[in-house]
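Undergrad: So that you have it, the file is start.cif, and it contains mmCIF, C-alpha atoms and all ligand atoms:
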```cif
data_final
#
loop_
_atom_site.label_atom_id
_atom_site.label_comp_id
_atom_site.auth_asym_id
_atom_site.auth_seq_id
_atom_site.Cartn_x
_atom_site.Cartn_y
_atom_site.Cartn_z
CA MET A 1 -24.35 193.92 145.55
CA ARG A 2 -23.96 192.44 148.98
CA SER A 3 -26.41 192.90 151.79
CA ALA A 4 -26.63 195.88 154.12
CA GLU A 5 -25.40 193.62 156.90
CA THR A 6 -21.99 193.58 155.29
CA ALA A 7 -19.39 195.17 157.54
CA LYS A 8 -18.24 197.56 154.84
CA PRO A 9 -20.39 200.55 153.94
CA ASN A 10 -21.22 200.93 150.25
CA LEU A 11 -20.17 204.43 149.26
CA LEU A 12 -22.24 204.34 146.06
CA GLY A 13 -25.48 205.39 147.76
CA MET A 14 -24.13 208.06 150.08
CA PRO A 15 -25.04 211.65 149.29
CA ARG A 16 -22.47 214.34 149.97
CA GLY A 17 -23.35 214.99 153.63
CA ARG A 18 -23.15 211.31 154.46
CA LEU A 19 -19.77 211.00 152.74
CA GLU A 20 -18.47 214.03 154.63
CA ASP A 21 -19.42 212.32 157.89
CA PHE A 22 -17.77 209.13 156.67
CA PHE A 23 -14.49 210.93 155.98
CA ALA A 24 -14.68 213.07 159.13
CA ALA A 25 -14.83 209.87 161.17
CA ARG A 26 -11.51 208.94 159.54
CA GLY A 27 -9.91 212.30 160.27
CA GLU A 28 -10.13 213.34 156.60
CA PRO A 29 -11.21 216.77 155.34
CA ALA A 30 -14.72 217.30 154.01
CA PHE A 31 -13.58 217.80 150.41
CA ARG A 32 -12.75 214.11 150.16
CA ALA A 33 -16.48 213.62 149.72
CA VAL A 34 -16.50 215.64 146.52
CA GLN A 35 -13.36 213.91 145.27
CA ILE A 36 -14.83 210.48 145.69
CA MET A 37 -18.22 211.46 144.29
CA LYS A 38 -16.51 212.67 141.13
CA TRP A 39 -14.67 209.39 140.77
CA ILE A 40 -17.68 207.19 141.34
CA HIS A 41 -20.51 209.07 139.71
CA ARG A 42 -18.92 211.34 137.13
CA ARG A 43 -16.09 209.18 135.91
CA GLY A 44 -17.65 205.84 136.72
CA VAL A 45 -14.53 204.62 138.54
CA ILE A 46 -15.25 202.26 141.42
CA ASP A 47 -11.78 200.85 142.10
CA PHE A 48 -10.22 202.80 144.96
CA ALA A 49 -6.74 202.02 143.62
CA ALA A 50 -7.45 204.12 140.53
CA MET A 51 -8.48 207.22 142.48
CA THR A 52 -5.19 208.98 141.98
CA ASP A 53 -5.90 212.23 143.78
CA LEU A 54 -6.34 210.37 147.06
CA SER A 55 -3.20 209.48 149.01
CA LEU A 56 -1.98 205.91 148.81
CA ARG A 57 -2.62 205.58 152.52
CA LEU A 58 -6.25 206.67 152.16
CA ARG A 59 -6.79 204.40 149.16
CA ALA A 60 -5.48 201.46 151.16
CA ASN A 61 -7.69 202.41 154.07
CA LEU A 62 -10.76 202.61 151.82
CA ARG A 63 -10.03 199.20 150.37
CA GLU A 64 -10.05 197.82 153.88
CA THR A 65 -13.04 199.63 155.27
CA ALA A 66 -15.45 200.47 152.45
CA GLU A 67 -16.69 199.32 149.07
CA VAL A 68 -18.50 200.46 145.96
CA LEU A 69 -20.82 197.76 144.77
CA ILE A 70 -22.83 197.76 141.56
CA PRO A 71 -25.58 195.22 140.80
CA GLU A 72 -24.97 192.83 137.98
CA CYS A 73 -26.92 193.16 134.75
CA VAL A 74 -28.42 189.79 133.91
CA ALA A 75 -30.46 190.70 130.85
CA GLU A 76 -30.80 193.46 128.34
CA GLN A 77 -33.61 193.90 125.86
CA VAL A 78 -33.74 196.51 123.14
CA SER A 79 -37.07 197.52 121.67
CA SER A 80 -37.62 198.25 117.99
CA ASP A 81 -38.14 201.88 119.04
CA GLY A 82 -34.72 202.07 120.74
CA THR A 83 -36.01 201.72 124.31
CA VAL A 84 -33.69 199.57 126.41
CA LYS A 85 -34.66 197.52 129.44
CA TRP A 86 -32.11 196.15 131.86
CA LEU A 87 -32.71 193.49 134.48
CA LEU A 88 -30.33 194.09 137.38
CA ARG A 89 -29.73 191.39 139.94
CA LEU A 90 -29.48 192.43 143.56
CA ASP A 91 -27.48 190.60 146.21
CA ASP A 92 -30.47 188.62 147.46
CA LYS A 93 -31.59 187.07 144.16
CA ASN A 94 -34.22 189.73 143.65
CA ALA A 95 -34.02 191.61 140.39
CA ILE A 96 -35.28 195.00 139.32
CA GLU A 97 -35.96 196.59 135.99
CA THR A 98 -34.68 199.89 134.68
CA VAL A 99 -35.74 201.38 131.37
CA PHE A 100 -33.96 203.90 129.14
CA ILE A 101 -36.13 205.81 126.68
CA PRO A 102 -34.20 207.73 124.02
CA GLU A 103 -35.85 210.66 122.29
CA PRO A 104 -34.43 213.32 120.03
CA GLY A 105 -32.36 215.62 122.25
CA ARG A 106 -33.06 213.79 125.47
CA GLY A 107 -32.90 210.47 127.23
CA THR A 108 -35.16 209.45 130.09
CA LEU A 109 -34.29 206.78 132.60
CA CYS A 110 -37.20 205.12 134.39
CA VAL A 111 -35.93 203.99 137.77
CA SER A 112 -37.35 201.49 140.27
CA SER A 113 -37.58 202.31 143.97
CA GLN A 114 -38.77 199.02 145.47
CA VAL A 115 -38.61 195.31 144.71
CA GLY A 116 -42.23 194.81 143.74
CA CYS A 117 -44.89 197.06 145.19
CA ALA A 118 -47.14 196.97 148.24
CA LEU A 119 -49.92 198.97 146.64
CA ASP A 120 -52.49 197.04 144.74
CA CYS A 121 -53.35 199.22 141.76
CA THR A 122 -55.59 196.98 139.71
CA PHE A 123 -54.18 197.98 136.31
CA CYS A 124 -50.46 197.61 137.13
CA SER A 125 -48.42 194.50 136.57
CA THR A 126 -45.91 195.29 139.33
CA ALA A 127 -48.78 194.94 141.82
CA ARG A 128 -49.14 191.31 140.78
CA GLN A 129 -45.56 190.61 141.84
CA GLY A 130 -46.26 191.59 145.41
CA PHE A 131 -43.85 193.47 147.62
CA ASN A 132 -40.50 192.15 148.70
CA ARG A 133 -38.42 195.03 150.06
CA ASN A 134 -37.30 198.60 149.71
CA LEU A 135 -34.30 199.31 147.53
CA ARG A 136 -31.34 200.81 149.31
CA ALA A 137 -30.13 204.22 148.12
CA ALA A 138 -27.15 202.51 146.48
CA GLU A 139 -29.45 200.21 144.53
CA ILE A 140 -31.52 203.14 143.30
CA ILE A 141 -28.59 205.30 142.19
CA ALA A 142 -26.86 202.21 140.76
CA GLN A 143 -29.52 202.17 138.03
CA LEU A 144 -28.39 205.61 136.86
CA TRP A 145 -24.70 204.77 137.33
CA PHE A 146 -25.16 201.64 135.25
CA ALA A 147 -27.18 203.30 132.46
CA ARG A 148 -24.63 206.08 132.13
CA GLN A 149 -21.76 203.62 131.88
CA VAL A 150 -23.44 201.48 129.26
CA LEU A 151 -24.55 204.45 127.16
CA ARG A 152 -21.15 206.09 127.41
CA SER A 153 -19.32 202.96 126.33
CA ARG A 154 -21.69 202.42 123.39
CA PHE A 155 -22.43 205.88 122.14
CA GLY A 156 -19.82 208.20 123.71
CA SER A 157 -21.28 211.56 124.62
CA GLN A 158 -24.02 211.38 122.00
CA THR A 159 -26.59 209.60 124.12
CA ASN A 160 -27.00 210.33 127.76
CA VAL A 161 -29.50 210.28 130.57
CA THR A 162 -30.89 213.81 130.74
CA ASN A 163 -34.01 213.04 132.80
CA VAL A 164 -34.84 210.57 135.54
CA VAL A 165 -38.38 209.52 136.40
CA LEU A 166 -39.11 207.43 139.47
CA MET A 167 -41.79 205.55 137.60
CA GLY A 168 -40.36 202.06 137.63
CA MET A 169 -41.32 199.35 140.08
CA GLY A 170 -42.52 200.46 143.48
CA GLU A 171 -43.99 203.42 145.32
CA PRO A 172 -41.10 205.82 145.94
CA LEU A 173 -42.75 207.63 148.85
CA LEU A 174 -43.01 204.36 150.78
CA ASN A 175 -39.19 204.18 150.61
CA PHE A 176 -38.70 207.80 151.54
CA ASP A 177 -35.19 208.07 153.00
CA ASN A 178 -33.47 205.92 150.40
CA VAL A 179 -35.25 207.64 147.54
CA VAL A 180 -34.31 211.07 148.90
CA ASP A 181 -30.65 210.07 149.29
CA ALA A 182 -30.58 208.79 145.72
CA MET A 183 -32.28 211.94 144.41
CA ARG A 184 -29.74 214.09 146.26
CA LEU A 185 -27.04 212.36 144.24
CA MET A 186 -29.00 212.87 141.02
CA LEU A 187 -29.15 216.61 141.71
CA ASP A 188 -25.62 217.07 143.08
CA ASP A 189 -23.30 218.86 140.63
CA HIS A 190 -20.43 216.63 141.69
CA ALA A 191 -22.41 213.50 140.91
CA TYR A 192 -25.03 213.62 138.14
CA GLY A 193 -25.90 217.33 138.19
CA LEU A 194 -29.47 216.95 136.93
CA GLY A 195 -31.73 219.98 137.32
CA LYS A 196 -34.71 219.72 139.67
CA ARG A 197 -37.09 219.82 136.74
CA LYS A 198 -35.31 216.80 135.27
CA VAL A 199 -35.88 214.52 138.23
CA THR A 200 -39.51 213.48 138.64
CA LEU A 201 -40.96 211.49 141.48
CA SER A 202 -44.23 209.76 140.67
CA THR A 203 -46.55 208.75 143.48
CA SER A 204 -49.94 207.19 143.86
CA GLY A 205 -50.57 209.70 146.62
CA VAL A 206 -49.06 208.96 150.02
CA VAL A 207 -50.26 212.24 151.53
CA PRO A 208 -48.12 212.55 154.70
CA ALA A 209 -44.99 211.61 152.76
CA LEU A 210 -45.81 214.29 150.17
CA ASP A 211 -45.85 216.89 152.93
CA ARG A 212 -42.48 215.59 154.09
CA LEU A 213 -41.10 215.61 150.57
CA LYS A 214 -41.94 219.26 150.05
CA ASP A 215 -39.85 220.18 153.12
CA THR A 216 -36.98 217.85 152.23
CA ILE A 217 -35.96 218.15 148.59
CA ASP A 218 -36.99 220.07 145.50
CA VAL A 219 -37.85 217.83 142.55
CA SER A 220 -40.69 217.60 140.04
CA LEU A 221 -43.82 215.84 141.11
CA ALA A 222 -46.14 213.53 139.21
CA VAL A 223 -49.29 212.20 140.84
CA SER A 224 -51.09 209.11 139.62
CA LEU A 225 -54.68 210.30 139.72
CA HIS A 226 -56.42 208.03 137.18
CA ALA A 227 -59.99 208.94 138.16
CA PRO A 228 -61.93 212.13 138.90
CA GLU A 229 -64.01 210.79 141.78
CA ASP A 230 -63.35 208.71 144.87
CA GLU A 231 -65.39 205.61 144.19
CA LEU A 232 -63.75 204.94 140.86
CA ARG A 233 -60.29 205.93 142.10
CA THR A 234 -60.57 203.54 145.03
CA GLN A 235 -61.33 200.74 142.58
CA LEU A 236 -58.20 201.54 140.57
CA VAL A 237 -55.85 202.76 143.32
CA PRO A 238 -56.92 201.19 146.63
CA LEU A 239 -54.67 203.62 148.52
CA ASN A 240 -57.38 206.16 147.77
CA ARG A 241 -59.41 204.71 150.62
CA LYS A 242 -56.76 205.99 153.00
CA TYR A 243 -55.95 209.24 151.21
CA PRO A 244 -58.96 210.32 149.16
CA ILE A 245 -58.84 212.77 146.28
CA ALA A 246 -59.63 215.91 148.30
CA GLU A 247 -56.71 215.26 150.66
CA LEU A 248 -54.43 214.41 147.78
CA LEU A 249 -55.22 217.61 145.91
CA ALA A 250 -54.87 219.63 149.10
CA VAL A 251 -51.33 218.36 149.59
CA CYS A 252 -50.57 219.09 145.93
CA ARG A 253 -51.66 222.68 146.52
CA ARG A 254 -49.39 222.86 149.58
CA TYR A 255 -46.55 221.39 147.54
CA ILE A 256 -46.92 224.08 144.89
CA ALA A 257 -47.39 226.90 147.41
CA GLY A 258 -44.25 225.86 149.28
CA LYS A 259 -41.98 226.35 146.27
CA GLU A 260 -40.36 229.63 145.35
CA ARG A 261 -40.05 228.64 141.73
CA LYS A 262 -43.04 228.22 139.49
CA VAL A 263 -44.08 224.60 139.66
CA VAL A 264 -46.65 222.50 137.92
CA VAL A 265 -47.81 219.12 139.16
CA THR A 266 -48.18 216.46 136.49
CA PHE A 267 -51.27 214.32 136.91
CA GLU A 268 -51.03 210.91 135.34
CA TYR A 269 -54.22 209.36 134.07
CA VAL A 270 -54.24 205.85 132.67
CA MET A 271 -56.76 205.49 129.84
CA LEU A 272 -58.92 202.42 130.44
CA ASP A 273 -61.59 201.60 127.92
CA ALA A 274 -65.11 202.16 129.26
CA VAL A 275 -63.81 202.61 132.80
CA ASN A 276 -62.52 206.17 133.19
CA ASP A 277 -62.30 207.51 129.64
CA SER A 278 -65.66 209.15 128.87
CA GLU A 279 -66.15 212.81 128.07
CA PHE A 280 -68.04 213.08 131.34
CA HIS A 281 -64.97 211.88 133.24
CA ALA A 282 -62.92 214.47 131.39
CA GLN A 283 -65.37 217.20 132.43
CA GLN A 284 -65.21 216.02 136.03
CA LEU A 285 -61.42 216.00 135.91
CA ALA A 286 -61.28 219.53 134.53
CA GLN A 287 -63.55 220.72 137.37
CA LEU A 288 -61.47 218.91 139.94
CA LEU A 289 -58.18 220.45 138.84
CA ARG A 290 -59.53 223.98 138.55
CA GLY A 291 -57.09 226.44 140.09
CA ILE A 292 -54.21 223.96 140.38
CA PRO A 293 -51.17 224.59 138.16
CA ALA A 294 -51.36 221.22 136.47
CA LYS A 295 -50.28 219.31 133.45
CA ILE A 296 -52.09 216.13 132.51
CA ASN A 297 -50.39 213.10 131.12
CA LEU A 298 -52.75 210.60 129.54
CA ILE A 299 -51.22 207.13 129.55
CA PRO A 300 -52.78 204.61 127.18
CA PHE A 301 -53.19 201.44 129.25
CA ASN A 302 -50.49 198.85 128.62
CA PRO A 303 -51.86 195.34 128.89
CA PHE A 304 -49.98 192.48 130.53
CA PRO A 305 -50.78 188.78 130.91
CA GLY A 306 -53.91 188.41 132.99
CA SER A 307 -54.86 192.09 132.98
CA GLU A 308 -58.57 192.72 133.02
CA TYR A 309 -58.64 196.08 131.28
CA ARG A 310 -58.47 197.24 127.69
CA ARG A 311 -56.75 200.29 126.33
CA SER A 312 -59.03 203.18 125.36
CA SER A 313 -59.37 203.71 121.64
CA PRO A 314 -57.29 206.48 120.07
CA ALA A 315 -60.53 208.34 119.33
CA ALA A 316 -61.60 208.17 122.99
CA ILE A 317 -58.19 209.41 124.11
CA ASP A 318 -58.35 212.30 121.63
CA ARG A 319 -61.85 213.25 122.78
CA PHE A 320 -60.75 213.15 126.41
CA ARG A 321 -57.73 215.31 125.69
CA THR A 322 -59.77 217.82 123.73
CA VAL A 323 -62.21 218.33 126.62
CA LEU A 324 -59.32 219.01 129.00
CA GLN A 325 -57.63 221.34 126.55
CA THR A 326 -60.88 223.23 126.08
CA HIS A 327 -60.73 223.93 129.78
CA GLY A 328 -57.23 225.32 129.35
CA LEU A 329 -55.43 222.32 130.83
CA VAL A 330 -52.12 221.37 129.26
CA THR A 331 -52.69 217.75 128.29
CA VAL A 332 -50.41 215.34 126.50
CA THR A 333 -50.85 211.72 125.57
CA ARG A 334 -47.82 209.71 126.58
CA ARG A 335 -46.40 207.85 123.65
CA THR A 336 -46.13 204.18 124.46
CA ARG A 337 -42.51 203.09 124.31
CA GLY A 338 -40.83 199.73 124.57
CA GLU A 339 -44.07 197.79 124.47
CA ASP A 340 -42.54 194.91 122.50
CA ILE A 341 -40.13 194.22 125.38
CA ASP A 342 -42.65 194.78 128.21
CA ALA A 343 -40.89 197.97 129.18
CA ALA A 344 -43.88 200.31 129.02
CA CYS A 345 -45.59 201.90 132.04
CA GLY A 346 -47.02 199.30 134.36
CA GLN A 347 -45.36 196.38 132.60
CA LEU A 348 -42.26 196.16 134.77
CA ALA A 349 -42.14 193.05 136.85
CA GLY A 350 -38.54 192.22 137.65
CA ARG A 351 -38.08 189.11 139.68
CA VAL A 352 -39.46 189.19 143.14
CA GLN A 353 -38.58 186.53 145.64
CA ASP A 354 -40.94 185.34 148.34
CA ARG A 355 -44.10 186.63 146.87
CA SER A 356 -46.27 183.98 148.43
CA HIS A 357 -48.18 186.37 150.64
CA ARG A 358 -49.15 188.65 147.80
CA GLN A 359 -49.90 185.82 145.46
CA GLN A 360 -52.36 184.48 147.99
CA HIS A 361 -53.85 187.91 148.37
CA PHE A 362 -54.17 188.16 144.61
CA VAL A 363 -55.81 184.76 144.38
CA ARG A 364 -58.26 185.81 147.11
CA LEU A 365 -58.94 189.04 145.27
CA LYS A 366 -59.61 187.20 142.06
CA ALA A 367 -61.90 184.78 143.84
CA ARG A 368 -63.78 187.68 145.39
CA ARG A 369 -64.14 189.44 142.05
CA GLY A 370 -65.31 186.19 140.54
CA ARG A 371 -67.93 185.78 143.23
CA GLU A 372 -69.06 189.37 142.76
CA ALA A 373 -69.36 188.79 139.05
CA ILE A 374 -71.53 185.73 139.63
CA ALA A 375 -73.70 187.37 142.33
N1 LIG B 401 -46.04 203.98 142.31
C1 LIG B 401 -45.79 205.16 141.56
C2 LIG B 401 -44.77 205.02 140.44
C3 LIG B 401 -44.84 203.80 139.53
S1 LIG B 401 -45.94 203.70 138.19
C4 LIG B 401 -47.08 205.71 141.02
O1 LIG B 401 -48.11 205.08 141.18
O2 LIG B 401 -47.07 206.82 140.50
C5 LIG B 401 -45.68 204.90 136.99
C6 LIG B 401 -46.96 205.25 136.24
O3 LIG B 401 -47.42 204.20 135.35
C7 LIG B 401 -48.11 205.51 137.18
O4 LIG B 401 -48.84 206.61 136.80
C8 LIG B 401 -48.91 204.24 137.03
O5 LIG B 401 -50.20 204.42 137.46
C9 LIG B 401 -48.78 203.96 135.55
N2 LIG B 401 -49.17 202.60 135.18
C10 LIG B 401 -49.14 201.50 135.96
N3 LIG B 401 -49.58 200.43 135.29
C11 LIG B 401 -49.90 200.84 134.05
C12 LIG B 401 -50.38 200.17 132.87
N4 LIG B 401 -50.61 198.86 132.86
N5 LIG B 401 -50.56 200.91 131.77
C13 LIG B 401 -50.29 202.21 131.77
N6 LIG B 401 -49.83 202.91 132.84
C14 LIG B 401 -49.63 202.22 133.97
#
```
As structure tokens, please, write out the structure in this file.

TA:
Amino acid sequence: MRSAETAKPNLLGMPRGRLEDFFAARGEPAFRAVQIMKWIHRRGVIDFAAMTDLSLRLRANLRETAEVLIPECVAEQVSSDGTVKWLLRLDDKNAIETVFIPEPGRGTLCVSSQVGCALDCTFCSTARQGFNRNLRAAEIIAQLWFARQVLRSRFGSQTNVTNVVLMGMGEPLLNFDNVVDAMRLMLDDHAYGLGKRKVTLSTSGVVPALDRLKDTIDVSLAVSLHAPEDELRTQLVPLNRKYPIAELLAVCRRYIAGKERKVVVTFEYVMLDAVNDSEFHAQQLAQLLRGIPAKINLIPFNPFPGSEYRRSSPAAIDRFRTVLQTHGLVTVTRRTRGEDIDAACGQLAGRVQDRSHRQQHFVRLKARRGREAIA
């Protein structure tokens, strides 16, 4: 994909309204938007010349004035459990990772929203890469376009993406507009037609953006909670200093109240041995979530080179889950997938250019922790 500075707009990332404006500016009727969306997203056709229900004149005009650009896949890894990870190269030498997780009767695509991540969650490998830039809407939806094409060519209609989770690299709510545009395409019947329960945005809790999200688009919400009290959560998710738990849960309540349909917020909780996994933590968590329609997703910690945590034992995870269930909370333990190819939660790293700033920060952080350990 070429850079945004290119003279030609990339139609891949434009939701319907944007395409209608694009065609209106060319004196074309609004329904051209739907026609072109069907070509690009449903049929996977990106060559204007092949779009046979557009006039020859319009096709020629599009070739001159617009483009549909897809990032190049530079590596594919397939896990022993069938999980597939693709490394997609962007136009600026950065690369992002996208993961497809097949399960009986469904297929989940884990999509990245940023190159690297600006948050510094201490248990996540993407944090170590530092932050480079936001993905454009085209680069976000390209991950779904690409996965669909590959799966279709390999397996026909048998295997497909039925669910999308924005749980890849990055914090989606810090790239709000592009993420919303891409999600509009995911939901649009003329593009991917996924139901709102099948598109899940996961956030570490950017409170003002959550308020904006609730008024902008209707998708499922997952919140990375990871701890039942502020001191511990700040250690794990430094963003908690800015938006502490009480504010985060208040916005979750507003999110739920603002929906006409029945919604449940998923709370993600990474299971870290001897850090946040005691029965006491589970009791605290159950108290905290009282009265919120919630589902809890326990994620066994996935280690990565240099990580300082250990995964909780299966017995500890079971005990934790049982306490929550006793309090009537729907709790599931996320099955770890794609671990052998570093495709599991928190293991995505991609290739991030110009990470010097964050590397320095990380080195400083390590030095500070080291000093604290000695003191
Ligand atoms: N920034 C967003 C989305 C990306 S992470 C967010 O924080 O929600 C997707 C999920 O994987 C989050 O719940 C994240 O906390 C979790 N995760 C990150 N690193 C992990 C690791 N090493 N092991 C297990 N889960 C991890």

Undergrad: Do you know which residues are at most 10 Å from range 136-146 of chain A counting only C-alpha atoms, after dropping those on the same chain fewer than 4 positions away, and could you put them as a PyMOL selection string?

TA: chain A and resi 1+3-4+10-15+40-44+68-73+86-91+96-100+109-114+150-152+161+164+166+175-186+191-192

Undergrad: Would you work out the distance separating CA of Thr331 in chain A from CA of Gly170 in chain A, expressed in Å to one decimal?

TA: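 Calculated distance between CA of Thr331 in chain A and CA of Gly170 in chain A is 25.2 Å.
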
Undergrad: How close does each residue of chain A get to ligand LIG 401 (chain B), giving the shortest atom pair and distance in Å to one decimal for every residue with an atom at most 7 Å away, counting all atoms listed in the file, sorted by chain and residue number, as a Markdown table?

TA:
```
| residue | atom | partner | partner_atom | distance |
| --- | --- | --- | --- | --- |
| A:Phe123 | CA | B:LIG401 | N4 | 5.0 |
| A:Cys124 | CA | B:LIG401 | N3 | 3.5 |
| A:Ser125 | CA | B:LIG401 | N4 | 6.1 |
| A:Leu166 | CA | B:LIG401 | C2 | 6.2 |
| A:Met167 | CA | B:LIG401 | C5 | 4.0 |
| A:Gly168 | CA | B:LIG401 | C3 | 5.2 |
| A:Met169 | CA | B:LIG401 | C3 | 5.7 |
| A:Gly170 | CA | B:LIG401 | N1 | 5.1 |
| A:Glu171 | CA | B:LIG401 | N1 | 3.7 |
| A:Pro172 | CA | B:LIG401 | N1 | 6.4 |
| A:Ser202 | CA | B:LIG401 | O2 | 4.1 |
| A:Thr203 | CA | B:LIG401 | O2 | 3.6 |
| A:Ser204 | CA | B:LIG401 | O1 | 3.9 |
| A:Ala222 | CA | B:LIG401 | O2 | 6.9 |
| A:Val223 | CA | B:LIG401 | O2 | 5.8 |
| A:Ser224 | CA | B:LIG401 | O4 | 4.4 |
| A:Glu268 | CA | B:LIG401 | O4 | 5.0 |
| A:Tyr269 | CA | B:LIG401 | O4 | 6.6 |
| A:Val270 | CA | B:LIG401 | N6 | 5.3 |
| A:Ile299 | CA | B:LIG401 | C13 | 5.5 |
| A:Pro300 | CA | B:LIG401 | C13 | 5.7 |
| A:Phe301 | CA | B:LIG401 | N5 | 3.7 |
| A:Asn302 | CA | B:LIG401 | N5 | 3.8 |
| A:Pro303 | CA | B:LIG401 | N4 | 5.5 |
| A:Phe304 | CA | B:LIG401 | N4 | 6.8 |
| A:Cys345 | CA | B:LIG401 | O3 | 4.4 |
| A:Gly346 | CA | B:LIG401 | N3 | 2.9 |
| A:Gln347 | CA | B:LIG401 | N4 | 5.8 |
```

Undergrad: Where does range 100-185 of chain A meet range 225-249 of chain A within 12 Å, residue by residue, with the nearest atom pair and distance in Å to one decimal for each, counting all atoms listed in the file, listed by chain and rising number, as CSV?

TA:
```
residue,atom,partner,partner_atom,distance
A:Ala118,CA,A:Leu239,CA,10.0
A:Leu119,CA,A:Leu239,CA,6.9
A:Asp120,CA,A:Pro238,CA,6.4
A:Cys121,CA,A:Val237,CA,4.6
A:Thr122,CA,A:Leu236,CA,5.3
A:Phe123,CA,A:Leu236,CA,6.9
A:Cys124,CA,A:Leu236,CA,9.3
A:Ala127,CA,A:Val237,CA,10.6
A:Glu171,CA,A:Leu239,CA,11.2
A:Leu174,CA,A:Leu239,CA,11.9
```

Undergrad: If you measure from CA of Gly156 in chain A to CA of Ala95 in chain A, what distance in Å do you get, rounded to one decimal?

TA: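 One can read the CA of Gly156 in chain A to CA of Ala95 in chain A distance as 27.5 Å.
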
Undergrad: In Å to one decimal, how far is CA of Ala24 in chain A from CA of His190 in chain A?

TA: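 It comes out at 18.7 Å.
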
Undergrad: Considering only C-alpha atoms, can you say which of A:Ile256, A:Val84, A:Val115, A:Ala147 comes closest to Arg133 in chain A?

TA: A:Val115

Undergrad: Show which residues sit within 10 Å of Gly258 in chain A, as a CSV table (one decimal) with C-alpha atoms, in the coordinates of the input. Count all atoms listed in the file, and ignore same-chain residues fewer than 5 positions away.

TA:
```csv
chain,number,residue,atom,x,y,z
A,211,ASP,CA,-45.8,216.9,152.9
A,214,LYS,CA,-41.9,219.3,150.0
A,215,ASP,CA,-39.8,220.2,153.1
A,252,CYS,CA,-50.6,219.1,145.9
A,253,ARG,CA,-51.7,222.7,146.5
A,263,VAL,CA,-44.1,224.6,139.7
```

Undergrad: Using only C-alpha atoms, which of the listed residues (A:Ile217, A:Leu173, A:Ala209, A:Val265) sits closest to Asn134 in chain A?

TA: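 Nearest candidate to Asn134 in chain A out of A:Ile217, A:Leu173, A:Ala209, A:Val265: A:Leu173.
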
Undergrad: Kindly provide, as a list in words, the polymer residues lying within 6 Å of (-39.3, 199.3, 120.9), counting all atoms listed in the file and using the coordinates exactly as they appear in the file.

TA: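 Neighbouring residues, ordered by chain and number, come to Ser79, Ser80, Asp81, Gly82, Thr83, Gly338 and Asp340 of chain A.
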
Undergrad: Take the residues from that selection and put them in a file with C-alpha atoms, as a PDB file, in the coordinates of the input.

TA:
```pdb
ATOM      1  CA  SER A  79     -37.070 197.520 121.670  1.00  0.00           C
ATOM      2  CA  SER A  80     -37.620 198.250 117.990  1.00  0.00           C
ATOM      3  CA  ASP A  81     -38.140 201.880 119.040  1.00  0.00           C
ATOM      4  CA  GLY A  82     -34.720 202.070 120.740  1.00  0.00           C
ATOM      5  CA  THR A  83     -36.010 201.720 124.310  1.00  0.00           C
ATOM      6  CA  GLY A 338     -40.830 199.730 124.570  1.00  0.00           C
ATOM      7  CA  ASP A 340     -42.540 194.910 122.500  1.00  0.00           C
TER       8      ASP A 340
END
```

Undergrad: Nearest to Thr65 in chain A: which of A:Lys259, A:Arg26, A:Lys93, A:Lys8 is it, counting all atoms listed in the file?

TA: A:Lys8

Undergrad: Counting only C-alpha atoms, note down every residue that has an atom within 9 Å of the point (-36.3, 219.0, 137.8) (file coordinates), as an NGL selection string.

TA: :A and (163-164 or 187 or 194-200 or 218-221)

Undergrad: Which residue is closest to Met271 in chain A? Choose from A:Val330, A:Val45, A:Leu288, A:Ile296 and count all atoms listed in the file.

TA: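 Checking each candidate against Met271 in chain A, we get A:Ile296 as the closest.
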